[in-house]
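Content type PDB, C-alpha atoms, pLDDT in the B column, from the file target_7.pdb:
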ATOM      1  CA  MET A   1       8.556   2.103  -9.109  1.00 88.00           C
ATOM      2  CA  ARG A   2      12.120   3.212  -8.440  1.00 90.00           C
ATOM      3  CA  PHE A   3      13.548   2.293  -5.064  1.00 91.00           C
ATOM      4  CA  SER A   4      16.672   2.000  -2.943  1.00 96.00           C
ATOM      5  CA  TYR A   5      17.322  -1.013  -0.723  1.00 96.00           C
ATOM      6  CA  LYS A   6      19.552  -1.251   2.345  1.00 97.00           C
ATOM      7  CA  ASP A   7      20.493  -4.007   4.775  1.00 96.00           C
ATOM      8  CA  ARG A   8      23.576  -5.102   6.753  1.00 96.00           C
ATOM      9  CA  PHE A   9      25.102  -6.553   3.563  1.00 96.00           C
ATOM     10  CA  GLY A  10      25.006  -3.254   1.635  1.00 96.00           C
ATOM     11  CA  GLU A  11      22.867  -0.912  -0.458  1.00 96.00           C
ATOM     12  CA  GLU A  12      21.574  -0.880  -4.034  1.00 95.00           C
ATOM     13  CA  THR A  13      18.962   0.685  -6.295  1.00 94.00           C
ATOM     14  CA  SER A  14      16.552  -1.079  -8.591  1.00 90.00           C
ATOM     15  CA  VAL A  15      12.990  -1.061  -9.916  1.00 92.00           C
ATOM     16  CA  ILE A  16      10.114  -2.828  -8.196  1.00 92.00           C
ATOM     17  CA  GLU A  17       7.158  -3.992 -10.294  1.00 92.00           C
ATOM     18  CA  ASN A  18       3.625  -4.154  -8.939  1.00 89.00           C
ATOM     19  CA  THR A  19       1.462  -6.171 -11.334  1.00 86.00           C
ATOM     20  CA  ASP A  20      -1.859  -7.834 -10.508  1.00 82.00           C
ATOM     21  CA  ALA A  21      -1.332  -6.874  -6.841  1.00 83.00           C
ATOM     22  CA  THR A  22       1.991  -8.751  -6.744  1.00 90.00           C
ATOM     23  CA  LEU A  23       5.336  -7.088  -6.021  1.00 93.00           C
ATOM     24  CA  LYS A  24       8.359  -8.332  -7.999  1.00 95.00           C
ATOM     25  CA  VAL A  25      11.961  -7.215  -7.591  1.00 95.00           C
ATOM     26  CA  LYS A  26      15.477  -8.460  -8.337  1.00 94.00           C
ATOM     27  CA  LEU A  27      18.081  -7.926  -5.616  1.00 95.00           C
ATOM     28  CA  ARG A  28      21.710  -9.060  -5.882  1.00 94.00           C
ATOM     29  CA  GLY A  29      20.753 -11.295  -8.765  1.00 93.00           C
ATOM     30  CA  GLU A  30      17.905 -13.023  -6.892  1.00 94.00           C
ATOM     31  CA  ASP A  31      14.196 -12.744  -7.712  1.00 95.00           C
ATOM     32  CA  PHE A  32      11.766 -11.840  -4.928  1.00 96.00           C
ATOM     33  CA  GLN A  33       8.007 -11.580  -5.114  1.00 95.00           C
ATOM     34  CA  GLY A  34       5.020 -11.300  -2.778  1.00 93.00           C
ATOM     35  CA  HIS A  35       1.758  -9.452  -2.325  1.00 89.00           C
ATOM     36  CA  SER A  36       3.252  -7.129   0.296  1.00 89.00           C
ATOM     37  CA  PHE A  37       6.647  -5.858   1.432  1.00 90.00           C
ATOM     38  CA  GLU A  38       6.821  -8.077   4.515  1.00 90.00           C
ATOM     39  CA  PHE A  39       6.250 -11.142   2.326  1.00 91.00           C
ATOM     40  CA  LEU A  40       8.813 -10.549  -0.443  1.00 94.00           C
ATOM     41  CA  THR A  41      10.092 -14.100  -0.873  1.00 96.00           C
ATOM     42  CA  THR A  42      12.858 -15.902  -2.752  1.00 95.00           C
ATOM     43  CA  PHE A  43      13.380 -19.614  -3.245  1.00 92.00           C
ATOM     44  CA  ALA A  44      16.949 -19.221  -4.520  1.00 91.00           C
ATOM     45  CA  PRO A  45      19.445 -21.644  -2.923  1.00 90.00           C
ATOM     46  CA  GLY A  46      21.973 -19.885  -0.734  1.00 90.00           C
ATOM     47  CA  ALA A  47      20.056 -16.605  -0.560  1.00 93.00           C
ATOM     48  CA  ASN A  48      20.435 -16.592   3.225  1.00 90.00           C
ATOM     49  CA  THR A  49      24.133 -15.802   2.714  1.00 92.00           C
ATOM     50  CA  LYS A  50      23.226 -12.503   1.019  1.00 94.00           C
ATOM     51  CA  PHE A  51      20.086 -11.484   2.952  1.00 95.00           C
ATOM     52  CA  ASP A  52      18.491 -11.798   6.383  1.00 94.00           C
ATOM     53  CA  LEU A  53      15.470 -14.018   5.774  1.00 93.00           C
ATOM     54  CA  TYR A  54      12.618 -15.239   7.950  1.00 91.00           C
ATOM     55  CA  SER A  55       9.891 -17.839   7.498  1.00 88.00           C
ATOM     56  CA  ASP A  56      10.320 -19.555   4.115  1.00 85.00           C
ATOM     57  CA  GLY A  57      12.646 -17.045   2.463  1.00 93.00           C
ATOM     58  CA  CYS A  58      11.024 -13.651   3.222  1.00 94.00           C
ATOM     59  CA  LEU A  59      13.168 -10.516   3.515  1.00 95.00           C
ATOM     60  CA  SER A  60      13.761  -9.083   6.987  1.00 95.00           C
ATOM     61  CA  ASN A  61      16.069  -6.624   8.769  1.00 96.00           C
ATOM     62  CA  CYS A  62      16.143  -4.218   5.800  1.00 96.00           C
ATOM     63  CA  GLU A  63      14.876  -0.869   4.502  1.00 96.00           C
ATOM     64  CA  PHE A  64      13.049   0.194   1.341  1.00 94.00           C
ATOM     65  CA  LEU A  65      12.734   3.753   0.022  1.00 96.00           C
ATOM     66  CA  ILE A  66      10.342   3.770  -2.941  1.00 94.00           C
ATOM     67  CA  SER A  67       9.446   6.611  -5.304  1.00 95.00           C
ATOM     68  CA  LYS A  68       6.265   6.575  -7.374  1.00 94.00           C
ATOM     69  CA  ALA A  69       4.970   9.210  -9.783  1.00 95.00           C
ATOM     70  CA  ILE A  70       1.418  10.143  -8.877  1.00 96.00           C
ATOM     71  CA  THR A  71      -1.242  12.707  -9.801  1.00 97.00           C
ATOM     72  CA  ILE A  72      -2.998  15.118  -7.453  1.00 96.00           C
ATOM     73  CA  ILE A  73      -6.518  16.223  -8.399  1.00 95.00           C
ATOM     74  CA  THR A  74      -7.806  19.655  -7.401  1.00 93.00           C
ATOM     75  CA  LYS A  75     -10.958  21.492  -8.372  1.00 88.00           C
ATOM     76  CA  ASP A  76      -9.248  23.116 -11.339  1.00 88.00           C
ATOM     77  CA  GLU A  77      -6.270  20.995 -12.386  1.00 93.00           C
ATOM     78  CA  PHE A  78      -4.248  17.799 -12.352  1.00 95.00           C
ATOM     79  CA  ILE A  79      -0.855  18.241 -10.684  1.00 97.00           C
ATOM     80  CA  PRO A  80       2.045  15.781 -11.136  1.00 97.00           C
ATOM     81  CA  GLY A  81       3.664  14.670  -7.909  1.00 97.00           C
ATOM     82  CA  GLU A  82       5.882  12.093  -6.235  1.00 97.00           C
ATOM     83  CA  LEU A  83       4.845   9.692  -3.483  1.00 97.00           C
ATOM     84  CA  ILE A  84       7.706   8.338  -1.367  1.00 97.00           C
ATOM     85  CA  LEU A  85       7.160   5.193   0.691  1.00 96.00           C
ATOM     86  CA  TYR A  86       9.599   4.185   3.424  1.00 96.00           C
ATOM     87  CA  PHE A  87       9.510   0.717   5.004  1.00 94.00           C
ATOM     88  CA  LYS A  88      11.811  -0.693   7.676  1.00 95.00           C
ATOM     89  CA  LEU A  89      11.358  -4.416   8.225  1.00 95.00           C
ATOM     90  CA  GLY A  90      12.306  -5.929  11.581  1.00 94.00           C
ATOM     91  CA  ASN A  91      13.402  -9.453  12.450  1.00 91.00           C
ATOM     92  CA  ALA A  92      11.577 -12.724  12.998  1.00 87.00           C
ATOM     93  CA  LYS A  93       9.773 -12.958  16.341  1.00 85.00           C
ATOM     94  CA  PRO A  94      11.798 -15.003  18.851  1.00 81.00           C
ATOM     95  CA  ASN A  95       8.831 -17.291  19.520  1.00 78.00           C
ATOM     96  CA  ASP A  96       7.451 -17.368  15.961  1.00 76.00           C
ATOM     97  CA  VAL A  97       9.906 -17.477  13.052  1.00 74.00           C
ATOM     98  CA  ASP A  98       7.038 -17.074  10.549  1.00 79.00           C
ATOM     99  CA  GLU A  99       6.231 -13.502  11.671  1.00 84.00           C
ATOM    100  CA  LEU A 100       8.152 -10.220  11.840  1.00 87.00           C
ATOM    101  CA  ASP A 101       8.505  -8.515  15.201  1.00 89.00           C
ATOM    102  CA  ASP A 102       7.601  -5.207  13.496  1.00 90.00           C
ATOM    103  CA  MET A 103       7.592  -3.151  10.314  1.00 92.00           C
ATOM    104  CA  GLN A 104       7.772   0.643  10.557  1.00 94.00           C
ATOM    105  CA  PHE A 105       6.757   2.897   7.695  1.00 95.00           C
ATOM    106  CA  HIS A 106       5.786   6.405   6.634  1.00 96.00           C
ATOM    107  CA  LEU A 107       4.718   8.248   3.475  1.00 97.00           C
ATOM    108  CA  GLN A 108       5.774  11.558   1.941  1.00 98.00           C
ATOM    109  CA  LEU A 109       3.969  13.364  -0.876  1.00 98.00           C
ATOM    110  CA  ASN A 110       5.737  16.077  -2.906  1.00 97.00           C
ATOM    111  CA  TYR A 111       3.923  18.254  -5.441  1.00 96.00           C
ATOM    112  CA  ASP A 112       3.570  21.863  -6.534  1.00 91.00           C
ATOM    113  CA  GLU A 113       6.500  22.970  -4.310  1.00 90.00           C
ATOM    114  CA  HIS A 114       4.802  21.439  -1.252  1.00 91.00           C
ATOM    115  CA  SER A 115       5.832  18.431   0.835  1.00 96.00           C
ATOM    116  CA  TYR A 116       3.641  16.437   3.233  1.00 97.00           C
ATOM    117  CA  LYS A 117       5.142  13.728   5.430  1.00 97.00           C
ATOM    118  CA  THR A 118       3.135  11.446   7.694  1.00 96.00           C
ATOM    119  CA  LYS A 119       4.098  10.336  11.166  1.00 95.00           C
ATOM    120  CA  ASP A 120       5.740   6.940  11.627  1.00 95.00           C
ATOM    121  CA  PHE A 121       3.397   3.945  11.609  1.00 94.00           C
ATOM    122  CA  SER A 122       3.945   0.426  12.930  1.00 93.00           C
ATOM    123  CA  LEU A 123       2.658  -2.982  11.846  1.00 88.00           C
ATOM    124  CA  GLU A 124       3.050  -4.167  15.447  1.00 87.00           C
ATOM    125  CA  LYS A 125       0.449  -1.565  16.479  1.00 90.00           C
ATOM    126  CA  GLY A 126      -2.037  -2.910  13.921  1.00 87.00           C
ATOM    127  CA  GLN A 127      -1.447  -0.044  11.480  1.00 90.00           C
ATOM    128  CA  ASP A 128      -1.178  -0.563   7.727  1.00 90.00           C
ATOM    129  CA  ILE A 129      -1.050   1.316   4.434  1.00 92.00           C
ATOM    130  CA  GLU A 130      -4.717   2.290   4.884  1.00 92.00           C
ATOM    131  CA  SER A 131      -3.836   4.097   8.120  1.00 91.00           C
ATOM    132  CA  ALA A 132      -1.004   6.005   6.461  1.00 94.00           C
ATOM    133  CA  LEU A 133      -2.969   7.003   3.337  1.00 94.00           C
ATOM    134  CA  PHE A 134      -5.897   8.387   5.344  1.00 93.00           C
ATOM    135  CA  PHE A 135      -3.433  10.312   7.527  1.00 95.00           C
ATOM    136  CA  LEU A 136      -1.743  11.720   4.423  1.00 96.00           C
ATOM    137  CA  LYS A 137      -5.075  12.704   2.861  1.00 94.00           C
ATOM    138  CA  ASP A 138      -6.008  14.686   5.965  1.00 94.00           C
ATOM    139  CA  MET A 139      -2.793  16.691   5.669  1.00 95.00           C
ATOM    140  CA  LEU A 140      -3.614  17.956   2.179  1.00 95.00           C
ATOM    141  CA  PRO A 141      -5.391  21.238   1.400  1.00 93.00           C
ATOM    142  CA  GLU A 142      -9.153  20.970   1.142  1.00 92.00           C
ATOM    143  CA  GLY A 143     -10.246  19.756  -2.278  1.00 91.00           C
ATOM    144  CA  HIS A 144      -6.936  18.043  -3.081  1.00 94.00           C
ATOM    145  CA  THR A 145      -7.081  14.275  -3.698  1.00 94.00           C
ATOM    146  CA  ILE A 146      -4.526  11.646  -4.650  1.00 95.00           C
ATOM    147  CA  LYS A 147      -5.502   9.887  -7.883  1.00 96.00           C
ATOM    148  CA  SER A 148      -5.127   6.197  -7.043  1.00 96.00           C
ATOM    149  CA  CYS A 149      -7.243   3.114  -6.407  1.00 94.00           C
ATOM    150  CA  PHE A 150      -7.274   3.796  -2.664  1.00 94.00           C
ATOM    151  CA  PHE A 151      -9.215   7.003  -3.272  1.00 93.00           C
ATOM    152  CA  CYS A 152     -11.390   5.593  -6.080  1.00 92.00           C
ATOM    153  CA  MET A 153     -15.043   4.804  -5.394  1.00 87.00           C
ATOM    154  CA  TYR A 154     -14.842   1.438  -7.176  1.00 88.00           C
ATOM    155  CA  SER A 155     -12.095   0.038  -4.933  1.00 88.00           C
ATOM    156  CA  ILE A 156     -12.678  -1.072  -1.365  1.00 85.00           C
ATOM    157  CA  TYR A 157     -11.420  -3.567   1.206  1.00 86.00           C
ATOM    158  CA  SER A 158     -13.246  -6.793   1.937  1.00 81.00           C
ATOM    159  CA  PRO A 159     -15.265  -6.753   5.173  1.00 78.00           C
ATOM    160  CA  TYR A 160     -13.826 -10.210   5.886  1.00 78.00           C
ATOM    161  CA  GLY A 161     -10.252  -8.981   6.402  1.00 78.00           C
ATOM    162  CA  LYS A 162      -7.281  -7.715   4.407  1.00 82.00           C
ATOM    163  CA  ASN A 163      -3.520  -7.795   4.180  1.00 82.00           C
ATOM    164  CA  PHE A 164      -1.151  -4.890   4.839  1.00 86.00           C
ATOM    165  CA  PHE A 165      -0.848  -3.865   1.179  1.00 88.00           C
ATOM    166  CA  ASN A 166      -2.086  -4.753  -2.331  1.00 86.00           C
ATOM    167  CA  ASP A 167      -5.423  -6.114  -1.118  1.00 87.00           C
ATOM    168  CA  MET A 168      -8.171  -3.824  -2.458  1.00 88.00           C
ATOM    169  CA  GLN A 169     -11.101  -5.280  -4.374  1.00 87.00           C
ATOM    170  CA  CYS A 170     -12.070  -3.495  -7.595  1.00 90.00           C
ATOM    171  CA  TYR A 171     -15.771  -3.356  -8.531  1.00 86.00           C
ATOM    172  CA  ARG A 172     -15.553  -1.275 -11.688  1.00 88.00           C
ATOM    173  CA  ASN A 173     -17.352  -4.180 -13.431  1.00 83.00           C
ATOM    174  CA  LEU A 174     -20.462  -3.396 -11.337  1.00 80.00           C
ATOM    175  CA  LYS A 175     -20.570   0.380 -11.606  1.00 77.00           C
ATOM    176  CA  GLY A 176     -24.354   0.744 -11.634  1.00 71.00           C
ATOM    177  CA  ILE A 177     -25.030  -1.538  -8.684  1.00 69.00           C
ATOM    178  CA  TYR A 178     -21.978  -0.550  -6.670  1.00 64.00           C
ATOM    179  CA  GLY A 179     -22.460   3.201  -7.029  1.00 59.00           C
ATOM    180  CA  SER A 180     -25.993   3.035  -5.600  1.00 53.00           C
ATOM    181  CA  ALA A 181     -25.077   0.929  -2.555  1.00 50.00           C
ATOM    182  CA  GLU A 182     -24.429   3.690  -0.058  1.00 54.00           C
ATOM    183  CA  LYS A 183     -24.020   1.313   2.889  1.00 60.00           C
ATOM    184  CA  LEU A 184     -21.898  -1.366   1.278  1.00 64.00           C
ATOM    185  CA  TYR A 185     -20.844  -3.035   4.508  1.00 60.00           C
ATOM    186  CA  GLU A 186     -24.419  -3.379   5.776  1.00 59.00           C
ATOM    187  CA  SER A 187     -26.250  -4.053   2.504  1.00 59.00           C
ATOM    188  CA  GLY A 188     -25.071  -7.600   1.785  1.00 66.00           C
ATOM    189  CA  PHE A 189     -23.288  -6.310  -1.320  1.00 70.00           C
ATOM    190  CA  PHE A 190     -20.088  -8.315  -0.739  1.00 72.00           C
ATOM    191  CA  HIS A 191     -21.973 -11.539  -0.158  1.00 69.00           C
ATOM    192  CA  ASN A 192     -24.009 -11.188  -3.355  1.00 70.00           C
ATOM    193  CA  HIS A 193     -21.458  -9.761  -5.833  1.00 70.00           C
ATOM    194  CA  GLU A 194     -17.977 -10.716  -7.005  1.00 74.00           C
ATOM    195  CA  HIS A 195     -15.208  -8.145  -7.515  1.00 76.00           C
ATOM    196  CA  GLU A 196     -13.374  -7.962 -10.842  1.00 76.00           C
ATOM    197  CA  LYS A 197      -9.858  -8.269  -9.432  1.00 86.00           C
ATOM    198  CA  TYR A 198      -7.494  -7.290  -6.642  1.00 86.00           C
ATOM    199  CA  VAL A 199      -5.601  -4.026  -7.070  1.00 89.00           C
ATOM    200  CA  SER A 200      -2.912  -2.075  -5.279  1.00 90.00           C
ATOM    201  CA  GLU A 201      -3.789   1.013  -3.286  1.00 93.00           C
ATOM    202  CA  LEU A 202      -1.420   2.923  -5.596  1.00 92.00           C
ATOM    203  CA  ASP A 203      -2.763   1.653  -8.935  1.00 91.00           C
ATOM    204  CA  VAL A 204      -5.036   3.796 -11.109  1.00 93.00           C
ATOM    205  CA  CYS A 205      -6.987   3.325 -14.341  1.00 92.00           C
ATOM    206  CA  THR A 206      -9.252   5.299 -16.692  1.00 93.00           C
ATOM    207  CA  ASP A 207     -12.342   4.299 -14.665  1.00 92.00           C
ATOM    208  CA  TYR A 208     -11.131   6.282 -11.649  1.00 93.00           C
ATOM    209  CA  ARG A 209     -13.827   8.264  -9.848  1.00 90.00           C
ATOM    210  CA  ILE A 210     -13.229  10.186  -6.610  1.00 90.00           C
ATOM    211  CA  LYS A 211     -14.487   8.218  -3.610  1.00 86.00           C
ATOM    212  CA  PRO A 212     -17.165  10.126  -1.646  1.00 79.00           C
ATOM    213  CA  ALA A 213     -16.629  10.490   2.104  1.00 76.00           C
ATOM    214  CA  PHE A 214     -19.510   8.163   3.019  1.00 66.00           C
ATOM    215  CA  MET A 215     -17.717   5.267   1.304  1.00 69.00           C
ATOM    216  CA  GLU A 216     -14.448   5.642   3.221  1.00 71.00           C
ATOM    217  CA  ASN A 217     -15.545   3.463   6.165  1.00 63.00           C
ATOM    218  CA  ARG A 218     -12.665   4.674   8.304  1.00 60.00           C
ATOM    219  CA  ARG A 219     -11.660   2.762  11.383  1.00 53.00           C
ATOM    220  CA  THR A 220     -11.650   4.751  14.637  1.00 45.00           C
ATOM    221  CA  ASP A 221      -7.856   4.941  14.720  1.00 49.00           C
ATOM    222  CA  ASP A 222      -7.726   6.173  11.122  1.00 49.00           C
ATOM    223  CA  LYS A 223      -9.882   9.247  11.718  1.00 47.00           C
ATOM    224  CA  LYS A 224      -8.132  12.574  11.590  1.00 44.00           C
ATOM    225  CA  GLN A 225      -5.900  13.210  14.603  1.00 44.00           C
ATOM    226  CA  GLU A 226      -5.795  16.753  15.806  1.00 38.00           C
TER     227      GLU A 226
END
Rewrite the structure from the file as structure tokens, please.
Amino acid sequence: MRFSYKDRFGEETSVIENTDATLKVKLRGEDFQGHSFEFLTTFAPGANTKFDLYSDGCLSNCEFLISKAITIITKDEFIPGELILYFKLGNAKPNDVDELDDMQFHLQLNYDEHSYKTKDFSLEKGQDIESALFFLKDMLPEGHTIKSCFFCMYSIYSPYGKNFFNDMQCYRNLKGIYGSAEKLYESGFFHNHEHEKYVSELDVCTDYRIKPAFMENRRTDDKKQE
């Protein structure tokens, strides 16, 4: 994914990899990696002279603007598009240097001469990429779906908790069983079956199948806001 990075030390552009639900990026000659943007970490000596870091070497006080090519599915066609992700990381909490005081973010989807931008979301308010993707979906015309793991029926979050990003469980290895479990969270499915791997909300593979509404399991604050 192409992206631009900005902090008080300057700006630059680069490419961020997202492999096996792990983000990897090189900034100012230093390697960072982590499962989510607020945990991009380096162990390079002296990195704190080139970046604002919190906890054990995690980026803070910076901005990411990321562009990812994505496909929109309609009833009749597949439409190429661009998903833009914006993240603004805050600083370490005064009373807890291992946590950020906030991370603000929004999404923008461009395709077929249309542009859809979400409102601003906040990690401090308990919102995450799930909140933003549901909000974005509800902005699209009826019958239009983003082709990605988040909207695939074989990917779902664990009922035992999840991280902000890159924390979906893929069950494409159990298609027959999984597809018939209409009430996954009440059926004991997660206790009795093991997922194949963790995937990013923005990944996609050839096993993609549109997720039916009954499998969305939206939280109250993620339901469509009029």
Show me, as a tab-separated table, the residues of region 107-196 of chain A having an atom within 9 Å of region 27-36 of chain A, each with the closest atom pair and its distance in Å, using only C-alpha atoms.
residue	atom	partner	partner_atom	distance
A:Asn163	CA	A:Ser36	CA	7.8
A:Phe164	CA	A:Ser36	CA	6.7
A:Phe165	CA	A:Ser36	CA	5.3
A:Asn166	CA	A:His35	CA	6.1
A:Asp167	CA	A:His35	CA	8.0
Residues matched by the PyMOL selection byres ((chain A and resi 61-72) around 6), written as a PDB file with C-alpha atoms, keeping the file's coordinate frame:
ATOM      1  CA  MET A   1       8.556   2.103  -9.109  1.00 88.00           C
ATOM      2  CA  ARG A   2      12.120   3.212  -8.440  1.00 90.00           C
ATOM      3  CA  PHE A   3      13.548   2.293  -5.064  1.00 91.00           C
ATOM      4  CA  SER A   4      16.672   2.000  -2.943  1.00 96.00           C
ATOM      5  CA  TYR A   5      17.322  -1.013  -0.723  1.00 96.00           C
ATOM      6  CA  LYS A   6      19.552  -1.251   2.345  1.00 97.00           C
ATOM      7  CA  ASP A   7      20.493  -4.007   4.775  1.00 96.00           C
ATOM      8  CA  SER A  60      13.761  -9.083   6.987  1.00 95.00           C
ATOM      9  CA  ILE A  73      -6.518  16.223  -8.399  1.00 95.00           C
ATOM     10  CA  PHE A  78      -4.248  17.799 -12.352  1.00 95.00           C
ATOM     11  CA  ILE A  79      -0.855  18.241 -10.684  1.00 97.00           C
ATOM     12  CA  PRO A  80       2.045  15.781 -11.136  1.00 97.00           C
ATOM     13  CA  GLY A  81       3.664  14.670  -7.909  1.00 97.00           C
ATOM     14  CA  GLU A  82       5.882  12.093  -6.235  1.00 97.00           C
ATOM     15  CA  LEU A  83       4.845   9.692  -3.483  1.00 97.00           C
ATOM     16  CA  ILE A  84       7.706   8.338  -1.367  1.00 97.00           C
ATOM     17  CA  LEU A  85       7.160   5.193   0.691  1.00 96.00           C
ATOM     18  CA  TYR A  86       9.599   4.185   3.424  1.00 96.00           C
ATOM     19  CA  PHE A  87       9.510   0.717   5.004  1.00 94.00           C
ATOM     20  CA  LYS A  88      11.811  -0.693   7.676  1.00 95.00           C
ATOM     21  CA  LEU A  89      11.358  -4.416   8.225  1.00 95.00           C
ATOM     22  CA  GLY A  90      12.306  -5.929  11.581  1.00 94.00           C
ATOM     23  CA  ASN A  91      13.402  -9.453  12.450  1.00 91.00           C
ATOM     24  CA  THR A 145      -7.081  14.275  -3.698  1.00 94.00           C
ATOM     25  CA  ILE A 146      -4.526  11.646  -4.650  1.00 95.00           C
ATOM     26  CA  LYS A 147      -5.502   9.887  -7.883  1.00 96.00           C
TER      27      LYS A 147
END
How would you write as number ranges by chain the residues that get within 8 Å of (8.8, -11.6, 10.4) in the file's frame, counting only C-alpha atoms?
A: 38, 54-55, 58, 60, 89-93, 97-102
Provide an axis-aligned box for all listed atoms of region 200-214 of chain A, padding each side by 3 Å; report its centre and its edge lengths in Å to one decimal, as JSON.
{"center_x": -10.5, "center_y": 4.2, "center_z": -6.8, "size_x": 24.1, "size_y": 18.6, "size_z": 25.7}
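Here CA of Asp56 (chain A) is placed at a distance of 22.1 Å from CA of Gly10 (chain A).
The two atoms in question, CA of Ser155 (chain A) and CA of Val199 (chain A), are spaced 8.0 Å apart.
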Distance criterion (all atoms listed in the file): nearest to Lys125 (chain A) out of A:Asn110, A:Asn95, A:Thr49, A:Gln104:
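Answer, going by the shortest atom-to-atom distance: A:Gln104.
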Here is a test: counting only C-alpha atoms, which residue of A:Phe151, A:Tyr157, A:Tyr111, A:Phe51 is nearest to Arg8 (chain A)?
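Smallest distance to Arg8 (chain A) is found for A:Phe51.
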For CA of Leu140 (chain A) and CA of Tyr116 (chain A), quote the distance in Å rounded to one decimal.
7.5 Å
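The shortest atom-to-atom distance to Phe150 (chain A), with only C-alpha atoms taken into account, belongs to A:Tyr198 out of A:Phe37, A:Phe105, A:Tyr198, A:Phe43.
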Please identify every residue of region 77-181 of chain A that has at least one atom no farther than 12 Å from an atom of region 207-214 of chain A, counting all atoms listed in the file, and for each give the shortest atom pair and the distance in Å to one decimal, arranged by chain then increasing number, as JSON lines.
{"residue": "A:Phe134", "atom": "CA", "partner": "A:Ala213", "partner_atom": "CA", "distance": 11.4}
{"residue": "A:Lys137", "atom": "CA", "partner": "A:Ala213", "partner_atom": "CA", "distance": 11.8}
{"residue": "A:Gly143", "atom": "CA", "partner": "A:Ile210", "partner_atom": "CA", "distance": 10.9}
{"residue": "A:His144", "atom": "CA", "partner": "A:Ile210", "partner_atom": "CA", "distance": 10.7}
{"residue": "A:Thr145", "atom": "CA", "partner": "A:Ile210", "partner_atom": "CA", "distance": 7.9}
{"residue": "A:Ile146", "atom": "CA", "partner": "A:Ile210", "partner_atom": "CA", "distance": 9.0}
{"residue": "A:Lys147", "atom": "CA", "partner": "A:Tyr208", "partner_atom": "CA", "distance": 7.7}
{"residue": "A:Ser148", "atom": "CA", "partner": "A:Tyr208", "partner_atom": "CA", "distance": 7.6}
{"residue": "A:Cys149", "atom": "CA", "partner": "A:Tyr208", "partner_atom": "CA", "distance": 7.3}
{"residue": "A:Phe150", "atom": "CA", "partner": "A:Lys211", "partner_atom": "CA", "distance": 8.5}
{"residue": "A:Phe151", "atom": "CA", "partner": "A:Lys211", "partner_atom": "CA", "distance": 5.4}
{"residue": "A:Cys152", "atom": "CA", "partner": "A:Lys211", "partner_atom": "CA", "distance": 4.8}
{"residue": "A:Met153", "atom": "CA", "partner": "A:Lys211", "partner_atom": "CA", "distance": 3.9}
{"residue": "A:Tyr154", "atom": "CA", "partner": "A:Arg209", "partner_atom": "CA", "distance": 7.4}
{"residue": "A:Ser155", "atom": "CA", "partner": "A:Lys211", "partner_atom": "CA", "distance": 8.6}
{"residue": "A:Ile156", "atom": "CA", "partner": "A:Lys211", "partner_atom": "CA", "distance": 9.7}
{"residue": "A:Cys170", "atom": "CA", "partner": "A:Asp207", "partner_atom": "CA", "distance": 10.5}
{"residue": "A:Tyr171", "atom": "CA", "partner": "A:Asp207", "partner_atom": "CA", "distance": 10.4}
{"residue": "A:Arg172", "atom": "CA", "partner": "A:Asp207", "partner_atom": "CA", "distance": 7.1}
{"residue": "A:Asn173", "atom": "CA", "partner": "A:Asp207", "partner_atom": "CA", "distance": 9.9}
{"residue": "A:Leu174", "atom": "CA", "partner": "A:Asp207", "partner_atom": "CA", "distance": 11.7}
{"residue": "A:Lys175", "atom": "CA", "partner": "A:Asp207", "partner_atom": "CA", "distance": 9.6}
{"residue": "A:Tyr178", "atom": "CA", "partner": "A:Lys211", "partner_atom": "CA", "distance": 11.9}
{"residue": "A:Gly179", "atom": "CA", "partner": "A:Lys211", "partner_atom": "CA", "distance": 10.0}
{"residue": "A:Ser180", "atom": "CA", "partner": "A:Phe214", "partner_atom": "CA", "distance": 11.9}
{"residue": "A:Ala181", "atom": "CA", "partner": "A:Phe214", "partner_atom": "CA", "distance": 10.7}
Go ahead and save the residues from that selection, with C-alpha atoms, as an mmCIF file, keeping the file's coordinate frame.
data_model
loop_
_atom_site.group_PDB
_atom_site.id
_atom_site.type_symbol
_atom_site.label_atom_id
_atom_site.label_comp_id
_atom_site.auth_asym_id
_atom_site.auth_seq_id
_atom_site.Cartn_x
_atom_site.Cartn_y
_atom_site.Cartn_z
ATOM 1 C CA PHE A 134 -5.897 8.387 5.344
ATOM 2 C CA LYS A 137 -5.075 12.704 2.861
ATOM 3 C CA GLY A 143 -10.246 19.756 -2.278
ATOM 4 C CA HIS A 144 -6.936 18.043 -3.081
ATOM 5 C CA THR A 145 -7.081 14.275 -3.698
ATOM 6 C CA ILE A 146 -4.526 11.646 -4.650
ATOM 7 C CA LYS A 147 -5.502 9.887 -7.883
ATOM 8 C CA SER A 148 -5.127 6.197 -7.043
ATOM 9 C CA CYS A 149 -7.243 3.114 -6.407
ATOM 10 C CA PHE A 150 -7.274 3.796 -2.664
ATOM 11 C CA PHE A 151 -9.215 7.003 -3.272
ATOM 12 C CA CYS A 152 -11.390 5.593 -6.080
ATOM 13 C CA MET A 153 -15.043 4.804 -5.394
ATOM 14 C CA TYR A 154 -14.842 1.438 -7.176
ATOM 15 C CA SER A 155 -12.095 0.038 -4.933
ATOM 16 C CA ILE A 156 -12.678 -1.072 -1.365
ATOM 17 C CA CYS A 170 -12.070 -3.495 -7.595
ATOM 18 C CA TYR A 171 -15.771 -3.356 -8.531
ATOM 19 C CA ARG A 172 -15.553 -1.275 -11.688
ATOM 20 C CA ASN A 173 -17.352 -4.180 -13.431
ATOM 21 C CA LEU A 174 -20.462 -3.396 -11.337
ATOM 22 C CA LYS A 175 -20.570 0.380 -11.606
ATOM 23 C CA TYR A 178 -21.978 -0.550 -6.670
ATOM 24 C CA GLY A 179 -22.460 3.201 -7.029
ATOM 25 C CA SER A 180 -25.993 3.035 -5.600
ATOM 26 C CA ALA A 181 -25.077 0.929 -2.555
#
Which is closer to Phe190 (chain A) than all the others in A:Ser158, A:Glu77, A:Thr206, A:Ser14, using only C-alpha atoms?
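Ranked by minimum distance to Phe190 (chain A), first place goes to A:Ser158.
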